[in-house]
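So this one's query-v2.cif, mmCIF, C-alpha atoms and all ligand atoms:
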data_entry
#
loop_
_atom_site.label_atom_id
_atom_site.label_comp_id
_atom_site.auth_asym_id
_atom_site.auth_seq_id
_atom_site.Cartn_x
_atom_site.Cartn_y
_atom_site.Cartn_z
CA MET A 1 -7.52 -2.08 -8.58
CA SER A 2 -5.78 -1.54 -5.25
CA GLY A 3 -2.04 -1.95 -5.98
CA VAL A 4 0.43 0.83 -6.75
CA PHE A 5 1.89 1.25 -10.22
CA ILE A 6 5.26 3.06 -10.33
CA THR A 7 7.27 3.56 -13.51
CA LEU A 8 10.84 4.80 -13.97
CA GLU A 9 11.71 6.71 -17.10
CA GLY A 10 14.71 8.50 -18.57
CA GLY A 11 17.38 8.20 -21.21
CA ASP A 12 19.72 5.23 -21.58
CA GLY A 13 22.16 5.16 -18.66
CA ALA A 14 20.19 7.60 -16.48
CA GLY A 15 20.14 5.13 -13.57
CA LYS A 16 16.69 3.47 -13.79
CA THR A 17 17.95 -0.03 -12.99
CA THR A 18 19.99 1.26 -10.04
CA GLN A 19 17.01 3.14 -8.61
CA SER A 20 14.42 0.42 -9.19
CA THR A 21 16.68 -2.01 -7.31
CA LEU A 22 16.94 0.40 -4.35
CA LEU A 23 13.20 1.12 -4.45
CA GLU A 24 12.33 -2.58 -4.55
CA GLU A 25 14.56 -3.22 -1.52
CA TRP A 26 12.95 -0.38 0.44
CA LEU A 27 9.38 -1.38 -0.48
CA THR A 28 10.07 -4.98 0.52
CA ALA A 29 11.43 -3.75 3.86
CA GLN A 30 8.12 -1.85 4.30
CA GLY A 31 6.34 -5.21 4.02
CA ARG A 32 4.96 -4.72 0.49
CA VAL A 33 4.90 -7.42 -2.18
CA VAL A 34 6.80 -5.99 -5.15
CA VAL A 35 6.72 -7.01 -8.80
CA ARG A 36 9.81 -5.61 -10.47
CA THR A 37 9.52 -5.61 -14.23
CA ARG A 38 10.49 -3.77 -17.39
CA GLU A 39 9.56 -2.90 -20.95
CA PRO A 40 10.43 -4.22 -23.36
CA GLY A 41 10.89 -7.75 -22.06
CA GLY A 42 8.71 -8.26 -18.99
CA THR A 43 7.13 -11.47 -20.37
CA ASP A 44 8.32 -14.46 -22.42
CA PHE A 45 6.71 -12.88 -25.48
CA GLY A 46 8.34 -9.56 -24.54
CA THR A 47 11.77 -11.18 -24.28
CA GLU A 48 11.46 -12.20 -27.93
CA VAL A 49 10.25 -8.72 -28.93
CA ARG A 50 13.14 -7.15 -26.98
CA GLU A 51 15.65 -9.22 -28.91
CA ILE A 52 14.19 -8.04 -32.23
CA VAL A 53 13.73 -4.39 -31.36
CA LEU A 54 17.13 -3.93 -29.67
CA HIS A 55 19.33 -6.30 -31.65
CA SER A 56 17.87 -6.89 -35.10
CA ARG A 57 20.54 -6.22 -37.72
CA GLY A 58 18.11 -5.31 -40.49
CA PHE A 59 16.38 -1.92 -40.86
CA ILE A 60 13.16 -1.57 -38.87
CA THR A 61 10.88 1.27 -39.94
CA PRO A 62 9.89 3.75 -37.19
CA ARG A 63 6.23 2.63 -37.41
CA ALA A 64 7.17 -1.05 -37.19
CA GLU A 65 9.36 -0.21 -34.18
CA ALA A 66 6.48 1.66 -32.50
CA LEU A 67 4.18 -1.33 -33.06
CA LEU A 68 6.73 -3.76 -31.60
CA TYR A 69 6.96 -1.73 -28.38
CA ALA A 70 3.15 -1.47 -28.28
CA ALA A 71 2.76 -5.25 -28.75
CA ASP A 72 5.23 -5.94 -25.93
CA ARG A 73 3.28 -3.48 -23.74
CA ALA A 74 -0.15 -4.97 -24.48
CA GLN A 75 1.01 -8.47 -23.51
CA HIS A 76 2.92 -7.25 -20.46
CA ILE A 77 0.11 -5.19 -18.94
CA ALA A 78 -2.61 -7.77 -19.59
CA THR A 79 -0.74 -10.82 -18.33
CA LYS A 80 1.59 -9.49 -15.62
CA VAL A 81 0.99 -5.92 -14.46
CA ARG A 82 -2.83 -5.75 -14.16
CA PRO A 83 -3.03 -9.09 -12.33
CA ALA A 84 -0.37 -7.89 -9.83
CA LEU A 85 -2.22 -4.61 -9.24
CA GLU A 86 -5.47 -6.52 -8.76
CA ARG A 87 -3.72 -8.59 -6.07
CA GLY A 88 -2.79 -5.31 -4.32
CA GLU A 89 0.94 -5.54 -5.09
CA VAL A 90 3.37 -2.75 -5.92
CA VAL A 91 4.64 -2.81 -9.50
CA VAL A 92 8.03 -1.14 -10.06
CA GLN A 93 8.58 -0.97 -13.78
CA ASP A 94 11.52 0.26 -15.87
CA ARG A 95 9.98 2.18 -18.79
CA TYR A 96 6.40 2.43 -20.02
CA LEU A 97 4.40 4.40 -22.52
CA ASP A 98 6.29 7.66 -21.89
CA SER A 99 9.34 5.94 -23.42
CA SER A 100 7.37 5.34 -26.61
CA VAL A 101 6.31 9.00 -26.79
CA ALA A 102 9.91 10.13 -26.19
CA TYR A 103 11.81 7.60 -28.36
CA GLN A 104 9.38 6.82 -31.19
CA GLY A 105 7.58 10.19 -31.06
CA ALA A 106 10.44 12.67 -30.57
CA GLY A 107 13.42 10.40 -31.37
CA ARG A 108 12.02 8.86 -34.57
CA VAL A 109 9.94 11.97 -35.34
CA LEU A 110 6.55 10.25 -35.41
CA ASP A 111 3.37 12.00 -34.23
CA ALA A 112 3.65 11.99 -30.42
CA GLU A 113 -0.13 12.08 -29.86
CA GLU A 114 -0.65 9.10 -32.17
CA ILE A 115 2.08 7.16 -30.36
CA ARG A 116 0.49 7.92 -26.99
CA GLU A 117 -2.95 6.87 -28.30
CA LEU A 118 -1.49 3.62 -29.67
CA SER A 119 -0.03 2.77 -26.25
CA LEU A 120 -3.19 3.75 -24.39
CA TRP A 121 -5.18 1.48 -26.73
CA ALA A 122 -2.69 -1.36 -26.12
CA VAL A 123 -3.07 -1.12 -22.32
CA GLU A 124 -6.76 -0.16 -22.12
CA ASP A 125 -5.85 3.23 -20.69
CA LEU A 126 -3.81 2.11 -17.68
CA LEU A 127 -1.67 5.00 -16.41
CA PRO A 128 0.90 4.79 -13.58
CA ASP A 129 0.18 6.24 -10.12
CA LEU A 130 3.67 7.74 -10.22
CA THR A 131 6.31 8.15 -12.91
CA ILE A 132 9.86 8.91 -11.76
CA LEU A 133 11.80 10.71 -14.48
CA LEU A 134 15.57 10.41 -14.02
CA ASP A 135 16.82 13.40 -15.94
CA LEU A 136 20.44 13.40 -17.17
CA ASP A 137 22.07 15.24 -20.03
CA GLU A 138 23.02 12.99 -22.91
CA THR A 139 26.77 13.62 -22.59
CA ALA A 140 26.82 12.40 -18.98
CA ALA A 141 24.57 9.46 -19.89
CA ARG A 142 26.86 8.51 -22.78
CA ALA A 143 29.91 8.61 -20.47
CA ARG A 144 28.14 6.14 -18.14
CA LEU A 145 27.27 3.82 -21.01
CA ASP A 146 30.84 4.02 -22.35
CA SER A 147 32.29 3.05 -18.98
CA ALA A 148 29.90 0.06 -18.76
CA ASP A 149 31.92 -1.41 -21.64
CA LYS A 150 29.14 -3.38 -23.37
CA PRO A 151 28.07 -3.09 -27.02
CA PHE A 152 25.38 -0.48 -27.75
CA ASP A 153 21.92 -1.69 -28.76
CA ARG A 154 19.95 -0.18 -31.70
CA LEU A 155 18.62 2.74 -29.66
CA GLU A 156 21.75 3.43 -27.61
CA ALA A 157 23.69 3.59 -30.89
CA GLU A 158 21.62 6.56 -32.10
CA LYS A 159 23.35 9.95 -32.36
CA GLY A 160 23.51 12.65 -29.67
CA GLU A 161 20.73 14.72 -31.35
CA PHE A 162 18.36 11.75 -31.13
CA HIS A 163 19.02 11.42 -27.38
CA ALA A 164 18.71 15.20 -26.88
CA ARG A 165 15.21 15.07 -28.48
CA VAL A 166 14.32 12.12 -26.25
CA ARG A 167 15.40 14.01 -23.13
CA ALA A 168 13.46 17.16 -24.11
CA ALA A 169 10.35 15.06 -24.80
CA PHE A 170 10.51 13.39 -21.35
CA LEU A 171 10.78 16.82 -19.69
CA ALA A 172 7.81 18.09 -21.75
CA LEU A 173 5.74 15.07 -20.68
CA ALA A 174 6.57 15.77 -17.02
CA GLU A 175 5.56 19.40 -17.43
CA ARG A 176 2.27 18.36 -18.99
CA GLU A 177 1.37 15.98 -16.12
CA PRO A 178 3.04 17.35 -12.97
CA ALA A 179 0.77 15.34 -10.65
CA ARG A 180 1.94 12.02 -12.14
CA PHE A 181 5.67 12.83 -12.51
CA LEU A 182 8.54 13.25 -10.08
CA VAL A 183 11.54 14.70 -11.94
CA VAL A 184 14.87 13.87 -10.29
CA ASP A 185 18.35 15.17 -11.11
CA ALA A 186 20.01 11.90 -12.10
CA ALA A 187 23.50 13.42 -11.76
CA ALA A 188 23.14 13.34 -7.95
CA ASP A 189 24.54 10.40 -6.03
CA PRO A 190 22.40 7.23 -5.97
CA GLU A 191 21.49 7.46 -2.24
CA THR A 192 20.31 11.10 -2.54
CA ILE A 193 18.13 10.14 -5.52
CA ALA A 194 16.74 7.10 -3.69
CA ALA A 195 15.83 9.23 -0.66
CA SER A 196 13.85 11.73 -2.77
CA ILE A 197 12.05 8.84 -4.49
CA ARG A 198 11.12 7.26 -1.15
CA THR A 199 9.73 10.59 0.11
CA ARG A 200 7.38 10.74 -2.88
CA VAL A 201 6.43 7.03 -2.82
CA ALA A 202 5.66 6.77 0.93
CA PRO A 203 2.24 8.53 0.78
CA LEU A 204 1.11 6.15 -2.00
CA LEU A 205 1.51 3.06 0.19
N1 LIG B 301 23.48 8.38 -9.64
C1 LIG B 301 24.47 7.82 -10.30
N2 LIG B 301 25.67 8.41 -10.38
C2 LIG B 301 26.70 7.85 -11.06
N3 LIG B 301 26.61 6.68 -11.76
C3 LIG B 301 25.42 6.04 -11.72
C4 LIG B 301 24.30 6.57 -11.00
N4 LIG B 301 23.25 5.72 -11.17
C5 LIG B 301 23.69 4.72 -11.95
N5 LIG B 301 25.00 4.91 -12.28
C6 LIG B 301 25.83 4.03 -13.14
O1 LIG B 301 25.48 4.33 -14.49
C7 LIG B 301 25.39 3.14 -15.27
C8 LIG B 301 23.96 2.98 -15.82
O2 LIG B 301 23.08 2.80 -14.71
P1 LIG B 301 21.75 1.94 -14.84
O3 LIG B 301 22.02 0.64 -15.48
O4 LIG B 301 21.10 1.96 -13.51
O5 LIG B 301 20.96 2.90 -15.85
P2 LIG B 301 19.68 2.60 -16.77
O6 LIG B 301 18.93 3.88 -16.83
O7 LIG B 301 18.94 1.41 -16.24
O8 LIG B 301 20.35 2.25 -18.15
P3 LIG B 301 19.68 1.57 -19.46
O9 LIG B 301 18.58 2.45 -19.91
O10 LIG B 301 20.82 1.55 -20.44
O11 LIG B 301 19.22 0.19 -19.04
C9 LIG B 301 25.82 2.01 -14.34
O12 LIG B 301 27.18 1.77 -14.54
C10 LIG B 301 25.55 2.56 -12.94
O13 LIG B 301 26.38 1.99 -11.96
C1 LIG B 302 9.75 0.88 -23.57
C2 LIG B 302 10.48 1.52 -24.71
C3 LIG B 302 11.86 1.46 -24.77
N1 LIG B 302 12.50 2.05 -25.81
C4 LIG B 302 13.97 1.96 -25.86
C5 LIG B 302 14.69 2.68 -24.77
C6 LIG B 302 15.96 1.90 -24.60
O1 LIG B 302 16.91 2.39 -25.52
C7 LIG B 302 15.55 0.49 -24.98
C8 LIG B 302 15.30 -0.41 -23.78
O2 LIG B 302 16.51 -0.68 -23.15
P1 LIG B 302 16.64 -0.65 -21.55
O3 LIG B 302 18.06 -1.11 -21.33
O4 LIG B 302 15.66 -1.66 -21.03
O5 LIG B 302 16.39 0.72 -21.06
O6 LIG B 302 14.34 0.61 -25.73
C9 LIG B 302 11.81 2.68 -26.80
O7 LIG B 302 12.41 3.18 -27.77
N2 LIG B 302 10.46 2.73 -26.74
C10 LIG B 302 9.76 2.17 -25.74
O8 LIG B 302 8.49 2.23 -25.71
#
Show this structure as structure tokens.
Amino acid sequence: MSGVFITLEGGDGAGKTTQSTLLEEWLTAQGRVVVRTREPGGTDFGTEVREIVLHSRGFITPRAEALLYAADRAQHIATKVRPALERGEVVVQDRYLDSSVAYQGAGRVLDAEEIRELSLWAVEDLLPDLTILLDLDETAARARLDSADKPFDRLEAEKGEFHARVRAAFLALAEREPARFLVVDAAADPETIAASIRTRVAPLL
């Protein structure tokens, strides 16, 4: 596999969409073919899963929720991400298995190792070349979401303690795999963040 697989992680409102847009623009200007995608929802199947997992009105058990994210991931990696990497393209993806460890593991208080194993099984062990963690405290993230003025989804609607556990879990994951992660202060301005991301991505191209 000769492409480059880059994931962006962080809490809701940390700035992943903003930074993946800027990264895609820069990579395209460097002459690379970019596949910009996300989880959940990077495939037709995933779009249906996304609707259930983010907007279902009924109660979803934590294990059922973990399996929904894993099903979305299995389909997405097999049908979209691996083929793009095999063609030598750059995949820029909002969220991946670290989100499951942080949200379902720490947030929903399931066993983090089991959640990671479930995702690794779903994707036949594919890990990113680089994971950019946009780190922002939950109060600042909530203020950004509030100002966006759109209704909260199931996960965004969780309490502050849930999001604090998610943030701590992301930071612990980055500490455990420093070679894979770039941790960025997401409170900085978007151009400063984009510049530090480009510095780390350039040697991978
Ligand atoms: N560095 C930044 N400083 C201030 N505001 C920012 C910054 N980056 C993004 N924002 C703003 O914060 C809000 C959320 O940004 P964005 O949609 O990029 O985050 P996200 O991590 O993709 O969110 P979600 O997880 O909810 O999809 C937007 O209104 C965006 O304009
Ligand atoms: C991949 C993944 C995502 N989540 C959560 C995180 C967010 O709250 C939503 C996705 O919304 P976004 O606007 O696309 O960021 O889903 C999760 O709990 N577990 C996962 O594996």
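Comparing the minimum interatomic distances between Glu177 (chain A) and each of A:Leu130, A:Leu155, A:Ala64, A:Ala14, counting only C-alpha atoms, we find that A:Leu130 sits nearest.
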Is it possible to get the axis-aligned box enclosing ligand LIG 301 (chain B) (all listed atoms, 4 Å extra per side) as JSON, with centre and edge lengths in Å rounded to one decimal?
{"center_x": 22.9, "center_y": 4.3, "center_z": -15.0, "size_x": 16.6, "size_y": 16.2, "size_z": 18.8}
TODO: Rounded to one decimal place, report the CA of Leu22 (chain A)-CA of Ala84 (chain A) distance in Å.
DONE: 20.0 Å
Residues within 9 Å of Ser99 (chain A), please, as a JSON list (two decimals) with C-alpha atoms, keeping the file's coordinate frame. Count all atoms listed in the file; anything in the same chain fewer than 6 positions from it doesn't count.
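In the end it all went to part-v2.json:
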[["chain", "number", "residue", "atom", "x", "y", "z"],
["A", 9, "GLU", "CA", 11.71, 6.71, -17.10],
["A", 10, "GLY", "CA", 14.71, 8.50, -18.57],
["A", 11, "GLY", "CA", 17.38, 8.20, -21.21],
["A", 105, "GLY", "CA", 7.58, 10.19, -31.06],
["A", 166, "VAL", "CA", 14.32, 12.12, -26.25],
["A", 170, "PHE", "CA", 10.51, 13.39, -21.35]]
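Of the listed residues A:Val53, A:Val33, A:Ala172, A:Ala112, the one whose atoms come nearest to ligand LIG 302 (chain B) is A:Val53, with distances taken using only C-alpha atoms and all ligand atoms.
One distance worth recording is that between CA of Pro40 (chain A) and CA of Arg176 (chain A), which is 24.4 Å.
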Open item on the list: Taking 6 positions as the minimum chain separation for residues in the same chain, which residues sit within 12 Å of Arg63 (chain A) when counting all atoms listed in the file? Answer as a PyMOL selection string.
Closed with: chain A and resi 53+69-70+100+103-105+108-112+114-115+118
Can you pull out every residue with an atom within 8 Å of ligand LIG 301 (chain B)? Use only C-alpha atoms and all ligand atoms and format it as a PDB file with C-alpha atoms, keeping the file's coordinate frame.
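The new file pocket_33.pdb reads:
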ATOM      1  CA  GLU A   9      11.710   6.710 -17.100  1.00  0.00           C
ATOM      2  CA  GLY A  10      14.710   8.500 -18.570  1.00  0.00           C
ATOM      3  CA  GLY A  11      17.380   8.200 -21.210  1.00  0.00           C
ATOM      4  CA  ASP A  12      19.720   5.230 -21.580  1.00  0.00           C
ATOM      5  CA  GLY A  13      22.160   5.160 -18.660  1.00  0.00           C
ATOM      6  CA  ALA A  14      20.190   7.600 -16.480  1.00  0.00           C
ATOM      7  CA  GLY A  15      20.140   5.130 -13.570  1.00  0.00           C
ATOM      8  CA  LYS A  16      16.690   3.470 -13.790  1.00  0.00           C
ATOM      9  CA  THR A  17      17.950  -0.030 -12.990  1.00  0.00           C
ATOM     10  CA  THR A  18      19.990   1.260 -10.040  1.00  0.00           C
ATOM     11  CA  GLN A  19      17.010   3.140  -8.610  1.00  0.00           C
ATOM     12  CA  ASP A  94      11.520   0.260 -15.870  1.00  0.00           C
ATOM     13  CA  LEU A 134      15.570  10.410 -14.020  1.00  0.00           C
ATOM     14  CA  ALA A 141      24.570   9.460 -19.890  1.00  0.00           C
ATOM     15  CA  ARG A 144      28.140   6.140 -18.140  1.00  0.00           C
ATOM     16  CA  LEU A 145      27.270   3.820 -21.010  1.00  0.00           C
ATOM     17  CA  SER A 147      32.290   3.050 -18.980  1.00  0.00           C
ATOM     18  CA  ALA A 148      29.900   0.060 -18.760  1.00  0.00           C
ATOM     19  CA  GLU A 156      21.750   3.430 -27.610  1.00  0.00           C
ATOM     20  CA  ALA A 186      20.010  11.900 -12.100  1.00  0.00           C
ATOM     21  CA  ALA A 187      23.500  13.420 -11.760  1.00  0.00           C
ATOM     22  CA  ALA A 188      23.140  13.340  -7.950  1.00  0.00           C
ATOM     23  CA  ASP A 189      24.540  10.400  -6.030  1.00  0.00           C
ATOM     24  CA  PRO A 190      22.400   7.230  -5.970  1.00  0.00           C
ATOM     25  CA  GLU A 191      21.490   7.460  -2.240  1.00  0.00           C
ATOM     26  CA  ILE A 193      18.130  10.140  -5.520  1.00  0.00           C
TER      27      ILE A 193
END
- [ ] Pick out the residues sitting within 12 Å of Ala157 (chain A), and hand them over as a ChimeraX atom specification; count all atoms listed in the file, and ignore anything fewer than 4 positions along from it in its own chain.
- [x] /A:12,54-55,142,145-146,150-153,161-163
TODO: List the neighbours of Val49 (chain A) out to 7 Å using all atoms listed in the file; skip same-chain residues closer than 5 positions along the sequence, and give me the result as JSON, numbers by chain.
DONE: {"A": [41, 68, 72]}
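Straight-line separation from CA of Leu8 (chain A) to CA of Arg95 (chain A): 5.6 Å.
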TODO: Skip Pro128 (chain A) itself and residues of its chain fewer than 2 positions away, then list as JSON, numbers by chain all residues within 8 Å of it, counting only C-alpha atoms.
DONE: {"A": [4, 5, 6, 7, 126, 130, 131, 180]}
Would you mind putting N, CA and C atoms back on region 71-91 of chain A and writing the result as a PDB file, in the frame of the given file?
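Printed below is selection_30.pdb as written:
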ATOM      1  N   ALA A  71       3.146  -3.839 -28.902  1.00  0.00           N
ATOM      2  CA  ALA A  71       2.760  -5.250 -28.750  1.00  0.00           C
ATOM      3  C   ALA A  71       3.332  -5.820 -27.450  1.00  0.00           C
ATOM      4  N   ASP A  72       4.605  -5.508 -27.199  1.00  0.00           N
ATOM      5  CA  ASP A  72       5.230  -5.940 -25.930  1.00  0.00           C
ATOM      6  C   ASP A  72       4.411  -5.415 -24.750  1.00  0.00           C
ATOM      7  N   ARG A  73       4.001  -4.148 -24.847  1.00  0.00           N
ATOM      8  CA  ARG A  73       3.280  -3.480 -23.740  1.00  0.00           C
ATOM      9  C   ARG A  73       1.903  -4.111 -23.525  1.00  0.00           C
ATOM     10  N   ALA A  74       1.203  -4.391 -24.607  1.00  0.00           N
ATOM     11  CA  ALA A  74      -0.150  -4.970 -24.480  1.00  0.00           C
ATOM     12  C   ALA A  74      -0.084  -6.299 -23.734  1.00  0.00           C
ATOM     13  N   GLN A  75       0.858  -7.147 -24.133  1.00  0.00           N
ATOM     14  CA  GLN A  75       1.010  -8.470 -23.510  1.00  0.00           C
ATOM     15  C   GLN A  75       1.418  -8.343 -22.036  1.00  0.00           C
ATOM     16  N   HIS A  76       2.350  -7.437 -21.802  1.00  0.00           N
ATOM     17  CA  HIS A  76       2.920  -7.250 -20.460  1.00  0.00           C
ATOM     18  C   HIS A  76       1.860  -6.769 -19.467  1.00  0.00           C
ATOM     19  N   ILE A  77       1.104  -5.758 -19.875  1.00  0.00           N
ATOM     20  CA  ILE A  77       0.110  -5.190 -18.940  1.00  0.00           C
ATOM     21  C   ILE A  77      -1.011  -6.191 -18.691  1.00  0.00           C
ATOM     22  N   ALA A  78      -1.469  -6.852 -19.768  1.00  0.00           N
ATOM     23  CA  ALA A  78      -2.610  -7.770 -19.590  1.00  0.00           C
ATOM     24  C   ALA A  78      -2.249  -8.992 -18.769  1.00  0.00           C
ATOM     25  N   THR A  79      -1.030  -9.526 -18.957  1.00  0.00           N
ATOM     26  CA  THR A  79      -0.740 -10.820 -18.330  1.00  0.00           C
ATOM     27  C   THR A  79       0.070 -10.703 -17.034  1.00  0.00           C
ATOM     28  N   LYS A  80       0.717  -9.574 -16.795  1.00  0.00           N
ATOM     29  CA  LYS A  80       1.590  -9.490 -15.620  1.00  0.00           C
ATOM     30  C   LYS A  80       1.246  -8.303 -14.709  1.00  0.00           C
ATOM     31  N   VAL A  81       1.116  -7.122 -15.295  1.00  0.00           N
ATOM     32  CA  VAL A  81       0.990  -5.920 -14.460  1.00  0.00           C
ATOM     33  C   VAL A  81      -0.414  -5.783 -13.867  1.00  0.00           C
ATOM     34  N   ARG A  82      -1.458  -5.874 -14.699  1.00  0.00           N
ATOM     35  CA  ARG A  82      -2.830  -5.750 -14.160  1.00  0.00           C
ATOM     36  C   ARG A  82      -3.129  -6.822 -13.108  1.00  0.00           C
ATOM     37  N   PRO A  83      -2.774  -8.089 -13.368  1.00  0.00           N
ATOM     38  CA  PRO A  83      -3.030  -9.090 -12.330  1.00  0.00           C
ATOM     39  C   PRO A  83      -2.331  -8.759 -11.008  1.00  0.00           C
ATOM     40  N   ALA A  84      -1.094  -8.245 -11.070  1.00  0.00           N
ATOM     41  CA  ALA A  84      -0.370  -7.890  -9.830  1.00  0.00           C
ATOM     42  C   ALA A  84      -1.075  -6.736  -9.115  1.00  0.00           C
ATOM     43  N   LEU A  85      -1.521  -5.744  -9.862  1.00  0.00           N
ATOM     44  CA  LEU A  85      -2.220  -4.610  -9.240  1.00  0.00           C
ATOM     45  C   LEU A  85      -3.531  -5.072  -8.620  1.00  0.00           C
ATOM     46  N   GLU A  86      -4.208  -5.995  -9.303  1.00  0.00           N
ATOM     47  CA  GLU A  86      -5.470  -6.520  -8.760  1.00  0.00           C
ATOM     48  C   GLU A  86      -5.243  -7.308  -7.465  1.00  0.00           C
ATOM     49  N   ARG A  87      -4.046  -7.884  -7.313  1.00  0.00           N
ATOM     50  CA  ARG A  87      -3.720  -8.590  -6.070  1.00  0.00           C
ATOM     51  C   ARG A  87      -3.263  -7.618  -4.972  1.00  0.00           C
ATOM     52  N   GLY A  88      -3.177  -6.318  -5.309  1.00  0.00           N
ATOM     53  CA  GLY A  88      -2.790  -5.310  -4.320  1.00  0.00           C
ATOM     54  C   GLY A  88      -1.281  -5.126  -4.192  1.00  0.00           C
ATOM     55  N   GLU A  89      -0.528  -5.612  -5.179  1.00  0.00           N
ATOM     56  CA  GLU A  89       0.940  -5.540  -5.090  1.00  0.00           C
ATOM     57  C   GLU A  89       1.457  -4.196  -5.638  1.00  0.00           C
ATOM     58  N   VAL A  90       2.746  -3.960  -5.382  1.00  0.00           N
ATOM     59  CA  VAL A  90       3.370  -2.750  -5.920  1.00  0.00           C
ATOM     60  C   VAL A  90       4.186  -3.141  -7.150  1.00  0.00           C
ATOM     61  N   VAL A  91       3.887  -2.542  -8.275  1.00  0.00           N
ATOM     62  CA  VAL A  91       4.640  -2.810  -9.500  1.00  0.00           C
ATOM     63  C   VAL A  91       5.664  -1.689  -9.697  1.00  0.00           C
TER      64      VAL A  91
END
